[in-house]
$ cat final23.cif   # mmCIF, C-alpha atoms
data_run
loop_
_atom_site.group_PDB
_atom_site.id
_atom_site.type_symbol
_atom_site.label_atom_id
_atom_site.label_comp_id
_atom_site.auth_asym_id
_atom_site.auth_seq_id
_atom_site.Cartn_x
_atom_site.Cartn_y
_atom_site.Cartn_z
ATOM 1 C CA MET A 7 0.000 0.000 0.000
ATOM 2 C CA ALA A 8 1.608 3.251 -1.166
ATOM 3 C CA GLN A 9 1.791 6.038 1.334
ATOM 4 C CA GLN A 10 0.774 9.443 -0.027
ATOM 5 C CA GLU A 11 3.269 12.248 0.412
ATOM 6 C CA ASP A 12 2.140 15.227 2.470
ATOM 7 C CA THR A 13 2.353 18.176 0.072
ATOM 8 C CA GLN A 14 0.874 20.751 2.430
ATOM 9 C CA LEU A 15 2.741 24.031 2.154
ATOM 10 C CA THR A 16 3.829 25.084 5.597
ATOM 11 C CA GLY A 17 5.993 27.712 7.098
ATOM 12 C CA PRO A 18 6.603 29.197 10.485
ATOM 13 C CA GLY A 19 3.380 29.368 12.417
ATOM 14 C CA ILE A 20 1.981 32.201 14.468
ATOM 15 C CA GLY A 21 3.967 31.250 17.578
ATOM 16 C CA LEU A 22 7.371 31.166 15.904
ATOM 17 C CA THR A 23 6.695 34.346 13.955
ATOM 18 C CA PHE A 24 5.666 36.182 17.134
ATOM 19 C CA LEU A 25 8.664 34.804 19.040
ATOM 20 C CA TYR A 26 11.068 35.914 16.312
ATOM 21 C CA TYR A 27 9.824 39.514 16.159
ATOM 22 C CA PHE A 28 9.432 39.769 19.936
ATOM 23 C CA SER A 29 12.895 38.444 20.766
ATOM 24 C CA MET A 30 14.727 40.383 18.046
ATOM 25 C CA THR A 31 13.081 43.632 19.138
ATOM 26 C CA VAL A 32 13.880 43.029 22.811
ATOM 27 C CA ILE A 33 17.525 42.302 21.938
ATOM 28 C CA ILE A 34 17.809 45.459 19.811
ATOM 29 C CA VAL A 35 16.137 47.686 22.436
ATOM 30 C CA MET A 36 18.304 46.236 25.211
ATOM 31 C CA PHE A 37 21.495 46.663 23.195
ATOM 32 C CA VAL A 38 20.768 50.198 21.991
ATOM 33 C CA GLY A 39 19.338 51.278 25.346
ATOM 34 C CA SER A 40 22.321 49.974 27.297
ATOM 35 C CA ARG A 41 24.616 52.130 25.117
ATOM 36 C CA SER A 42 22.810 55.277 26.212
ATOM 37 C CA GLU A 43 23.754 57.179 29.343
ATOM 38 C CA ALA A 44 20.229 57.013 30.765
ATOM 39 C CA PHE A 45 20.114 53.223 31.210
ATOM 40 C CA THR A 46 22.365 50.355 32.130
ATOM 41 C CA PHE A 47 21.947 46.837 30.815
ATOM 42 C CA ALA A 48 20.444 45.729 34.151
ATOM 43 C CA SER A 49 18.042 48.677 34.350
ATOM 44 C CA PRO A 50 14.433 47.592 35.065
ATOM 45 C CA GLU A 51 13.054 50.455 32.966
ATOM 46 C CA LEU A 52 15.046 49.294 29.964
ATOM 47 C CA ARG A 53 13.610 45.782 30.354
ATOM 48 C CA GLN A 54 10.096 47.221 30.527
ATOM 49 C CA TYR A 55 10.674 49.262 27.362
ATOM 50 C CA GLY A 56 12.188 46.233 25.643
ATOM 51 C CA THR A 57 9.249 44.028 26.595
ATOM 52 C CA LEU A 58 6.696 46.628 25.493
ATOM 53 C CA ALA A 59 8.468 47.226 22.175
ATOM 54 C CA GLY A 60 8.814 43.449 21.725
ATOM 55 C CA LEU A 61 5.090 42.892 22.248
ATOM 56 C CA ILE A 62 4.189 45.594 19.748
ATOM 57 C CA ALA A 63 6.692 44.355 17.155
ATOM 58 C CA GLY A 64 5.631 40.726 17.752
ATOM 59 C CA ILE A 65 1.962 41.485 17.161
ATOM 60 C CA ILE A 66 2.587 43.614 14.064
ATOM 61 C CA GLY A 67 5.126 41.130 12.656
ATOM 62 C CA THR A 68 2.734 38.234 13.213
ATOM 63 C CA ILE A 69 -0.148 40.016 11.515
ATOM 64 C CA ILE A 70 1.917 40.962 8.469
ATOM 65 C CA ASN A 71 4.468 38.188 8.045
ATOM 66 C CA ARG A 72 2.961 34.935 9.288
ATOM 67 C CA ASN A 73 2.679 32.172 6.713
ATOM 68 C CA VAL A 74 -0.817 31.668 5.283
ATOM 69 C CA ALA A 75 -2.079 29.134 2.773
ATOM 70 C CA MET A 76 -5.224 29.459 0.678
ATOM 71 C CA VAL A 77 -6.938 27.018 -1.638
ATOM 72 C CA ILE A 78 -8.508 28.125 -4.924
ATOM 73 C CA THR A 79 -10.665 25.904 -7.095
ATOM 74 C CA PHE A 80 -10.991 26.302 -10.859
ATOM 75 C CA GLN A 81 -12.387 24.536 -13.910
ATOM 76 C CA ASN A 82 -9.537 24.848 -16.415
ATOM 77 C CA ARG A 83 -5.994 24.452 -15.106
ATOM 78 C CA THR A 84 -4.289 26.058 -18.124
ATOM 79 C CA GLN A 85 -6.497 29.154 -18.050
ATOM 80 C CA PHE A 86 -6.060 29.518 -14.294
ATOM 81 C CA GLN A 87 -2.294 29.202 -14.520
ATOM 82 C CA SER A 88 -2.037 31.843 -17.253
ATOM 83 C CA ARG A 89 -4.320 34.162 -15.245
ATOM 84 C CA LEU A 90 -2.245 33.524 -12.115
ATOM 85 C CA ASN A 91 1.007 34.291 -13.958
ATOM 86 C CA LYS A 92 -0.492 37.517 -15.323
ATOM 87 C CA LYS A 93 -1.723 38.645 -11.885
ATOM 88 C CA MET A 94 1.635 37.834 -10.277
ATOM 89 C CA VAL A 95 3.419 40.012 -12.830
ATOM 90 C CA GLU A 96 0.975 42.835 -12.002
ATOM 91 C CA ILE A 97 2.051 42.792 -8.348
ATOM 92 C CA GLY A 98 5.748 42.436 -9.224
ATOM 93 C CA PHE A 99 6.396 38.705 -8.849
ATOM 94 C CA GLU A 100 8.092 36.591 -11.503
ATOM 95 C CA LEU A 101 7.866 32.848 -12.037
ATOM 96 C CA GLU A 102 11.056 31.044 -11.029
ATOM 97 C CA GLU A 103 12.347 28.021 -12.883
ATOM 98 C CA LEU A 104 12.500 24.972 -10.613
ATOM 99 C CA GLU A 105 15.048 22.765 -12.344
ATOM 100 C CA GLU A 106 15.375 19.969 -9.783
ATOM 101 C CA GLU A 107 11.660 19.648 -9.125
ATOM 102 C CA THR A 108 10.832 19.871 -12.837
ATOM 103 C CA ALA A 109 13.115 16.940 -13.564
ATOM 104 C CA ASP A 110 11.501 14.887 -10.794
ATOM 105 C CA ILE A 111 7.966 15.709 -11.965
ATOM 106 C CA ASN A 112 8.743 14.865 -15.597
ATOM 107 C CA SER A 113 10.147 11.488 -14.574
ATOM 108 C CA ASN A 114 6.858 10.581 -12.847
ATOM 109 C CA PRO A 115 4.025 10.960 -15.375
ATOM 110 C CA GLU A 116 1.397 9.853 -12.813
ATOM 111 C CA SER A 117 1.997 12.988 -10.744
ATOM 112 C CA GLU A 118 -0.891 15.445 -10.998
ATOM 113 C CA GLU A 119 0.899 18.103 -8.947
ATOM 114 C CA GLU A 120 2.862 20.989 -10.339
ATOM 115 C CA TYR A 121 4.982 23.208 -8.124
ATOM 116 C CA LEU A 122 5.354 26.896 -8.944
ATOM 117 C CA SER A 123 7.458 29.474 -7.169
ATOM 118 C CA TYR A 124 7.203 33.245 -7.622
ATOM 119 C CA SER A 125 9.600 35.874 -6.308
ATOM 120 C CA ARG A 126 10.454 39.512 -6.806
ATOM 121 C CA PRO A 127 13.694 40.357 -8.553
ATOM 122 C CA GLY A 128 16.570 41.998 -6.684
ATOM 123 C CA LEU A 129 16.608 43.109 -3.067
ATOM 124 C CA ALA A 130 12.818 43.397 -2.974
ATOM 125 C CA GLY A 131 12.649 39.627 -3.505
ATOM 126 C CA LYS A 132 14.686 38.996 -0.385
ATOM 127 C CA LEU A 133 12.450 41.231 1.725
ATOM 128 C CA ALA A 134 9.021 40.344 0.291
ATOM 129 C CA GLY A 135 9.337 36.570 0.542
ATOM 130 C CA GLY A 136 8.216 34.134 -2.087
ATOM 131 C CA ILE A 137 4.836 32.871 -3.205
ATOM 132 C CA TYR A 138 4.592 29.096 -3.523
ATOM 133 C CA VAL A 139 1.872 27.262 -5.437
ATOM 134 C CA ILE A 140 0.948 23.596 -5.733
ATOM 135 C CA MET A 141 -1.305 23.097 -8.749
ATOM 136 C CA PHE A 142 -3.625 20.088 -8.735
ATOM 137 C CA ASP A 143 -6.130 19.035 -11.383
ATOM 138 C CA ARG A 144 -8.988 21.294 -10.162
ATOM 139 C CA SER A 145 -7.446 23.340 -7.343
ATOM 140 C CA ALA A 146 -4.344 25.204 -6.277
ATOM 141 C CA THR A 147 -2.843 25.818 -2.855
ATOM 142 C CA ILE A 148 -1.044 29.146 -2.574
ATOM 143 C CA SER A 149 1.259 29.813 0.376
ATOM 144 C CA SER A 150 3.064 33.008 1.298
ATOM 145 C CA ARG A 151 3.219 35.772 3.856
ATOM 146 C CA ALA A 152 -0.162 37.047 4.989
ATOM 147 C CA ILE A 153 0.323 40.429 3.330
ATOM 148 C CA ASN A 154 0.988 38.740 -0.045
ATOM 149 C CA ILE A 155 -2.022 36.429 0.307
ATOM 150 C CA ARG A 156 -4.304 39.421 0.992
ATOM 151 C CA ARG A 157 -3.144 41.045 -2.253
ATOM 152 C CA ILE A 158 -3.638 37.804 -4.200
ATOM 153 C CA ARG A 159 -7.169 37.332 -2.815
ATOM 154 C CA LYS A 160 -8.129 40.776 -4.123
ATOM 155 C CA LEU A 161 -6.742 39.972 -7.571
ATOM 156 C CA LEU A 162 -8.136 36.479 -7.974
#

$ encode --input "final23.cif" --output "structure tokens"
Amino acid sequence: MAQQEDTQLTGPGIGLTFLYYFSMTVIIVMFVGSRSEAFTFASPELRQYGTLAGLIAGIIGTIINRNVAMVITFQNRTQFQSRLNKKMVEIGFELEELEEETADINSNPESEEEYLSYSRPGLAGKLAGGIYVIMFDRSATISSRAINIRRIRKLL
């Protein structure tokens, strides 16, 4: 009995995203604040400011940058893919060539899945994150940062 591969697109969840933004902000506030003459590294006020700034940055970072996946159904895969490519270009994302995965997919003709990856060119691509798509026969799962998914929902 063949075991089906889990192709769910995942990324860091809400907890890890919050922890990342919270901890990085606390570290930055503690470091910068301890360099000032008003606070020392062990100052309780500096810890309070760091914690408050960390909470704010953690909440905002989680809202904007958590990983979200959405499923879209369609009737014609070719038409949907061309429409998706066109909409991605409108918001500044380009289709990346996946050489390794393409070779694996072509060697298995029974595979109904197609993996697509979109990114922005240059430095903006490093900061915006990618958009990842698994195309099935009648549906597609799109995964990216929450801010990117909101823009895609408006377009599609």

$ atom_distance --input "final23.cif" --atom1 "atom CA of A:Lys92" --atom2 "atom CA of A:Ile155"
15.7 Å

$ atom_distance --input "final23.cif" --atom1 "atom CA of A:Glu118" --atom2 "atom CA of A:Gln81"
14.9 Å

$ resolve_selection --input "final23.cif" --expression "the PyMOL selection byres ((chain A and resi 36) around 7)" --output "NGL selection string"
:A and (32-35 or 37-40 or 47 or 52-53 or 56)

$ write_last_selection --input "final23.cif" --atoms "C-alpha atoms" --output "compact mmCIF listing (two decimals), in the frame of the given file"
# COMPACT_ATOMS: atom_id res chain seq x y z
CA VAL A 32 13.88 43.03 22.81
CA ILE A 33 17.52 42.30 21.94
CA ILE A 34 17.81 45.46 19.81
CA VAL A 35 16.14 47.69 22.44
CA PHE A 37 21.50 46.66 23.20
CA VAL A 38 20.77 50.20 21.99
CA GLY A 39 19.34 51.28 25.35
CA SER A 40 22.32 49.97 27.30
CA PHE A 47 21.95 46.84 30.82
CA LEU A 52 15.05 49.29 29.96
CA ARG A 53 13.61 45.78 30.35
CA GLY A 56 12.19 46.23 25.64

$ resolve_selection --input "final23.cif" --expression "the PyMOL selection byres ((chain A and resi 145) around 9)" --output "count of residues only"
13

$ atom_distance --input "final23.cif" --atom1 "atom CA of A:Leu161" --atom2 "atom CA of A:Phe24"
27.9 Å

$ closest_residue --input "final23.cif" --among "A:Gln85, A:Thr46, A:Thr68, A:Thr57" --to "A:Gly21" --atoms "all atoms listed in the file"
A:Thr68

$ residues_near_point --input "final23.cif" --point "(12.4, 39.5, 14.8)" --cutoff "12 Å" --atoms "only C-alpha atoms" --output "VMD selection string"
chain A and resid 22 to 35 59 to 68 71 to 72

$ resolve_selection --input "final23.cif" --expression "the PyMOL selection byres ((chain A and resi 100) around 7)" --output "list in words"
Met94, Val95, Gly98, Phe99, Leu101, Glu102, Tyr124, Ser125 and Arg126 of chain A

$ residues_around --input "final23.cif" --residues "A:Arg159" --least-positions-apart "4" --cutoff "12 Å" --atoms "only C-alpha atoms" --output "list in words"
Val74, Ala75, Met76, Val77, Ile78, Leu90, Lys93, Met94, Ile148, Ser149, Ser150, Ala152, Ile153, Asn154 and Ile155 of chain A

$ closest_residue --input "final23.cif" --among "A:Glu119, A:Glu51, A:Glu96, A:Arg89" --to "A:Arg157" --atoms "only C-alpha atoms"
A:Glu96
